Amino acid sequence: MAKILKNNSSQPKISVIIPMYNTEKYISQCLESILNQTLQDYEVIVVDDCSTDDSVKITENFIPKFKGRLKIFHHKKNSGGCAIPRNTGIKISSGKYILFMDSDDILLKNALAELYDAAEKTQADVLHEERFLITKDRSEEVDGKTQLVPITWERKDEKGFVKKPTVITDNLFERLQQYSRGQFYWNIWSKLFRRDFIIENCLEFVNLSAEDMIFSFQCLCLAKNYVRVPSVIYFYRIRQDSIAHRRPPMEEYIPKQLKIIIEGSKFLRDFMKNFKIFEEHPEFKQNVTDIFIREHFNHLRNIYATTPIHEINRVVEKEFLNASHIDAALVSYFFNQANFFRVLYTQSQQQLIQLQNQNSTSK
């Protein structure tokens, strides 16, 4: 990571870092939600990634309203994602804690106050919000009459959601067990980070569209105090035209996902080499890799459902033929998964035949 600006005695309590690219329709609501916070001791860092619409102009109009608490940083070249803008925000931030926001999302009025108080009381390295808000009908529009509903992408155990800020186990074995069961989702905007924790561990976002998944996993492994909070204070806007949801043509999208899978898997494996537990318990290393690859294969479901398999094979074969090396761990994963699903398919076919036979004999 490049040179980091040091905190000073007048540091704000929270730095809100917002990557921005062509969100002229939404950036006003995002910034208004920060202006209206009950906690006012913060700074806002908007990192513009070469927007071509009026996003920058709209943001600049907010500068007087923030009275010195809003900074705008302009990239000279579009990075194609949120990773590099977030890294830029970290470098120029000065708050005790960091909250990452998407430029089309919204904070409830008490968000910063709740998160800061919980972090101070628990001395948290990472605060993990278990739930967030979306619109009831999953539309993009939000006003005072919009119905919001809390949801989670985590699988909860029998204990359910926490009722108060709760420090989870510092036993990495137990944390990895919970991670393997889907107990931690990785959205970066669902967390508050102690800035010094990020700096001390030299953490930065990998320039892949899987950056939040990798960064969150690193934090789960490294944080001394990892805290779950019951706060439901973040509104996540689901947009089909966003970077996260946009689907380019197959010829572009499959290579992109394969690059994420190959490079992201390698990065995670290299990171896990720093922890003896992954050597002692290789099942955890396999689980982490499985979760990562499965998540990004899920993004390809629509392509597999609507495209002839020979067309998909043509694109995939081209990518592997052009690869400078073959990733043995990834090939092993593909082989095992393919055979695993072949077994499942065979078992399902056998069960279907049995049911058909039972139905025919009962008539």
# chains A, B, ... in the order shown; residues from 1 in each chain; ligands from 1

$ residues_around --residues "Val316 of chain A" --least-positions-apart "2" --cutoff "12 Å" --atoms "only C-alpha atoms" --output "list in words"
Met250, Glu251, Glu252, Tyr253, Ile254, Pro255, Lys256, Gln257, Leu258, Lys259, Ile309, His310, Glu311, Ile312, Asn313, Arg314, Lys318, Glu319, Phe320, Leu321, Asn322 and Ala323 of chain A

$ residues_around --residues "Thr59 of chain A" --least-positions-apart "2" --cutoff "12 Å" --atoms "only C-alpha atoms" --output "count of residues only"
37

$ select_by_dssp --residues "segment 231-317 of chain A" --states "helix (DSSP H, G or I)" --output "number ranges by chain"
A: 250-272, 276-280, 282-298, 301-306, 309-317

$ closest_residue --among "A:Ser94, A:Lys163, A:Asp105, A:Cys50" --to "Lys77 of chain A" --atoms "only C-alpha atoms"
A:Cys50

$ closest_atom_pairs --of "segment 38-88 of chain A" --to "segment 115-134 of chain A" --cutoff "12 Å" --atoms "only C-alpha atoms" --output "tab-separated table"
residue	atom	partner	partner_atom	distance
A:Thr38	CA	A:Tyr116	CA	11.4
A:Leu39	CA	A:Tyr116	CA	8.8
A:Gln40	CA	A:Tyr116	CA	11.4
A:Asp41	CA	A:Tyr116	CA	10.3
A:Tyr42	CA	A:Tyr116	CA	10.5

$ closest_atom_pairs --of "segment 107-173 of chain A" --to "segment 266-282 of chain A" --cutoff "12 Å" --atoms "only C-alpha atoms" --output "JSON lines"
{"residue": "A:Asn171", "atom": "CA", "partner": "A:Ile277", "partner_atom": "CA", "distance": 10.7}
{"residue": "A:Leu172", "atom": "CA", "partner": "A:Ile277", "partner_atom": "CA", "distance": 8.0}
{"residue": "A:Phe173", "atom": "CA", "partner": "A:Ile277", "partner_atom": "CA", "distance": 7.3}

$ write_last_selection --atoms "N, CA, C and O atoms" --output "PDB file, in the first residue's frame"
ATOM      1  N   ASN A 171     -11.290 -17.643  18.625  1.00  0.00           N
ATOM      2  CA  ASN A 171     -10.723 -18.922  18.218  1.00  0.00           C
ATOM      3  C   ASN A 171     -10.925 -19.078  16.706  1.00  0.00           C
ATOM      4  O   ASN A 171     -12.058 -19.199  16.236  1.00  0.00           O
ATOM      5  N   LEU A 172      -9.833 -19.054  15.939  1.00  0.00           N
ATOM      6  CA  LEU A 172      -9.941 -19.075  14.488  1.00  0.00           C
ATOM      7  C   LEU A 172     -10.571 -20.366  13.992  1.00  0.00           C
ATOM      8  O   LEU A 172     -11.299 -20.357  12.988  1.00  0.00           O
ATOM      9  N   PHE A 173     -10.332 -21.481  14.683  1.00  0.00           N
ATOM     10  CA  PHE A 173     -10.955 -22.746  14.298  1.00  0.00           C
ATOM     11  C   PHE A 173     -12.477 -22.612  14.316  1.00  0.00           C
ATOM     12  O   PHE A 173     -13.174 -23.001  13.374  1.00  0.00           O
TER      13      PHE A 173
END

$ closest_residue --among "A:Leu35, A:Ile262, A:Ile198, A:Ala223" --to "Ile98 of chain A" --atoms "only C-alpha atoms"
A:Ile198

$ closest_residue --among "A:Thr166, A:Gln11, A:Asn302, A:Thr135" --to "Ser231 of chain A" --atoms "only C-alpha atoms"
A:Thr166

$ closest_residue --among "A:Asp170, A:Leu112, A:Arg195, A:Thr152" --to "Tyr97 of chain A" --atoms "only C-alpha atoms"
A:Arg195

$ atom_distance --atom1 "atom CA of Asn207 of chain A" --atom2 "atom CA of Phe284 of chain A"
24.5 Å

$ residues_around --residues "Ile233 of chain A" --least-positions-apart "6" --cutoff "7 Å" --atoms "only C-alpha atoms" --output "ChimeraX atom specification"
/A:107-108,111,132

$ write_last_selection --atoms "C-alpha atoms" --output "compact mmCIF listing (two decimals), in the first residue's frame"
# COMPACT_ATOMS: atom_id res chain seq x y z
CA LEU A 107 -27.85 5.35 5.65
CA LEU A 108 -30.60 5.59 8.23
CA ALA A 111 -26.41 4.75 11.51
CA PHE A 132 -29.64 -4.63 5.95

$ closest_residue --among "A:Gln286, A:Gln356, A:Asn225, A:Ser216" --to "Phe184 of chain A" --atoms "only C-alpha atoms"
A:Ser216

$ closest_residue --among "A:Val315, A:Ile17, A:Cys202, A:Ile188" --to "Ile303 of chain A" --atoms "only C-alpha atoms"
A:Val315

$ select_by_dssp --residues "segment 53-291 of chain A" --states "strand (DSSP E)" --output "MDAnalysis selection string"
chainID A and resid 70:74 97:100 106:107 126:129 132:135 148:151 166:167 191:194 226:229 234:235

$ write_last_selection --atoms "N, CA and C atoms" --output "tab-separated table (two decimals), in the first residue's frame"
chain	number	residue	atom	x	y	z
A	70	LEU	N	-16.40	17.18	3.40
A	70	LEU	CA	-16.52	16.39	2.16
A	70	LEU	C	-15.30	16.65	1.28
A	71	LYS	N	-14.61	15.54	0.91
A	71	LYS	CA	-13.47	15.61	-0.01
A	71	LYS	C	-13.83	14.82	-1.26
A	72	ILE	N	-13.43	15.35	-2.41
A	72	ILE	CA	-13.62	14.64	-3.67
A	72	ILE	C	-12.26	14.39	-4.29
A	73	PHE	N	-11.98	13.13	-4.58
A	73	PHE	CA	-10.71	12.76	-5.22
A	73	PHE	C	-11.04	12.20	-6.60
A	74	HIS	N	-10.28	12.64	-7.62
A	74	HIS	CA	-10.58	12.24	-9.00
A	74	HIS	C	-9.49	11.30	-9.53
A	97	TYR	N	-12.48	5.29	12.54
A	97	TYR	CA	-13.12	4.13	11.91
A	97	TYR	C	-13.43	4.46	10.46
A	98	ILE	N	-13.59	3.41	9.67
A	98	ILE	CA	-13.92	3.56	8.25
A	98	ILE	C	-15.20	2.82	7.94
A	99	LEU	N	-16.11	3.51	7.24
A	99	LEU	CA	-17.31	2.88	6.70
A	99	LEU	C	-17.27	3.04	5.18
A	100	PHE	N	-17.38	1.92	4.47
A	100	PHE	CA	-17.44	1.96	3.01
A	100	PHE	C	-18.91	1.97	2.58
A	106	ILE	N	-28.04	4.21	0.95
A	106	ILE	CA	-28.53	5.21	1.90
A	106	ILE	C	-28.30	4.71	3.33
A	107	LEU	N	-27.95	5.65	4.22
A	107	LEU	CA	-27.85	5.35	5.65
A	107	LEU	C	-29.07	5.86	6.39
A	126	VAL	N	-13.56	-4.93	13.81
A	126	VAL	CA	-14.56	-5.01	12.76
A	126	VAL	C	-15.94	-5.13	13.40
A	127	LEU	N	-16.88	-4.30	12.96
A	127	LEU	CA	-18.29	-4.45	13.33
A	127	LEU	C	-19.02	-5.06	12.15
A	128	HIS	N	-19.81	-6.08	12.42
A	128	HIS	CA	-20.50	-6.82	11.36
A	128	HIS	C	-22.01	-6.68	11.56
A	129	GLU	N	-22.66	-5.95	10.64
A	129	GLU	CA	-24.12	-5.83	10.69
A	129	GLU	C	-24.74	-7.07	10.06
A	132	PHE	N	-29.58	-5.92	6.62
A	132	PHE	CA	-29.64	-4.63	5.95
A	132	PHE	C	-31.03	-4.48	5.36
A	133	LEU	N	-31.27	-3.35	4.72
A	133	LEU	CA	-32.60	-3.04	4.21
A	133	LEU	C	-32.63	-3.02	2.69
A	134	ILE	N	-33.74	-3.48	2.12
A	134	ILE	CA	-34.03	-3.29	0.70
A	134	ILE	C	-35.48	-2.83	0.60
A	135	THR	N	-35.88	-2.38	-0.58
A	135	THR	CA	-37.28	-2.01	-0.75
A	135	THR	C	-38.14	-3.26	-0.82
A	148	LEU	N	-39.50	-0.38	3.50
A	148	LEU	CA	-38.21	-1.08	3.56
A	148	LEU	C	-38.34	-2.31	4.43
A	149	VAL	N	-37.65	-3.38	4.04
A	149	VAL	CA	-37.69	-4.62	4.81
A	149	VAL	C	-36.27	-5.09	5.11
A	150	PRO	N	-36.02	-5.58	6.33
A	150	PRO	CA	-34.69	-6.09	6.66
A	150	PRO	C	-34.51	-7.52	6.13
A	151	ILE	N	-33.36	-7.77	5.52
A	151	ILE	CA	-33.05	-9.12	5.06
A	151	ILE	C	-31.60	-9.44	5.40
A	166	THR	N	-22.06	-8.01	20.11
A	166	THR	CA	-21.54	-9.25	20.66
A	166	THR	C	-20.20	-9.59	20.03
A	167	VAL	N	-19.16	-9.68	20.86
A	167	VAL	CA	-17.84	-10.09	20.38
A	167	VAL	C	-17.87	-11.59	20.14
A	191	LYS	N	-20.17	-3.43	7.18
A	191	LYS	CA	-19.19	-3.48	8.26
A	191	LYS	C	-18.57	-2.11	8.54
A	192	LEU	N	-18.16	-1.93	9.78
A	192	LEU	CA	-17.37	-0.76	10.17
A	192	LEU	C	-16.00	-1.28	10.58
A	193	PHE	N	-14.92	-0.62	10.11
A	193	PHE	CA	-13.57	-1.09	10.36
A	193	PHE	C	-12.77	-0.06	11.16
A	194	ARG	N	-12.01	-0.53	12.12
A	194	ARG	CA	-11.06	0.35	12.80
A	194	ARG	C	-9.93	0.63	11.81
A	226	TYR	N	-13.87	-9.16	16.69
A	226	TYR	CA	-14.83	-9.17	15.59
A	226	TYR	C	-16.21	-9.19	16.23
A	227	VAL	N	-17.00	-8.16	15.94
A	227	VAL	CA	-18.22	-7.92	16.71
A	227	VAL	C	-19.44	-7.94	15.81
A	228	ARG	N	-20.44	-8.71	16.20
A	228	ARG	CA	-21.74	-8.69	15.52
A	228	ARG	C	-22.62	-7.65	16.19
A	229	VAL	N	-23.38	-6.91	15.38
A	229	VAL	CA	-24.29	-5.91	15.94
A	229	VAL	C	-25.69	-6.11	15.37
A	234	TYR	N	-28.58	0.21	7.12
A	234	TYR	CA	-28.04	0.45	5.78
A	234	TYR	C	-29.04	0.01	4.73
A	235	PHE	N	-29.38	0.91	3.81
A	235	PHE	CA	-30.28	0.56	2.71
A	235	PHE	C	-29.45	0.25	1.48

$ residues_around --residues "segment 185-187 of chain A" --least-positions-apart "3" --cutoff "8 Å" --atoms "only C-alpha atoms" --output "list in words"
Trp153, Glu154, Gly182, Ser190, Lys191, Asp212, Met213, Ser216 and Phe217 of chain A

$ atom_distance --atom1 "atom CA of Glu60 of chain A" --atom2 "atom CA of Val142 of chain A"
22.6 Å

$ atom_distance --atom1 "atom CA of His296 of chain A" --atom2 "atom CA of Cys221 of chain A"
21.4 Å
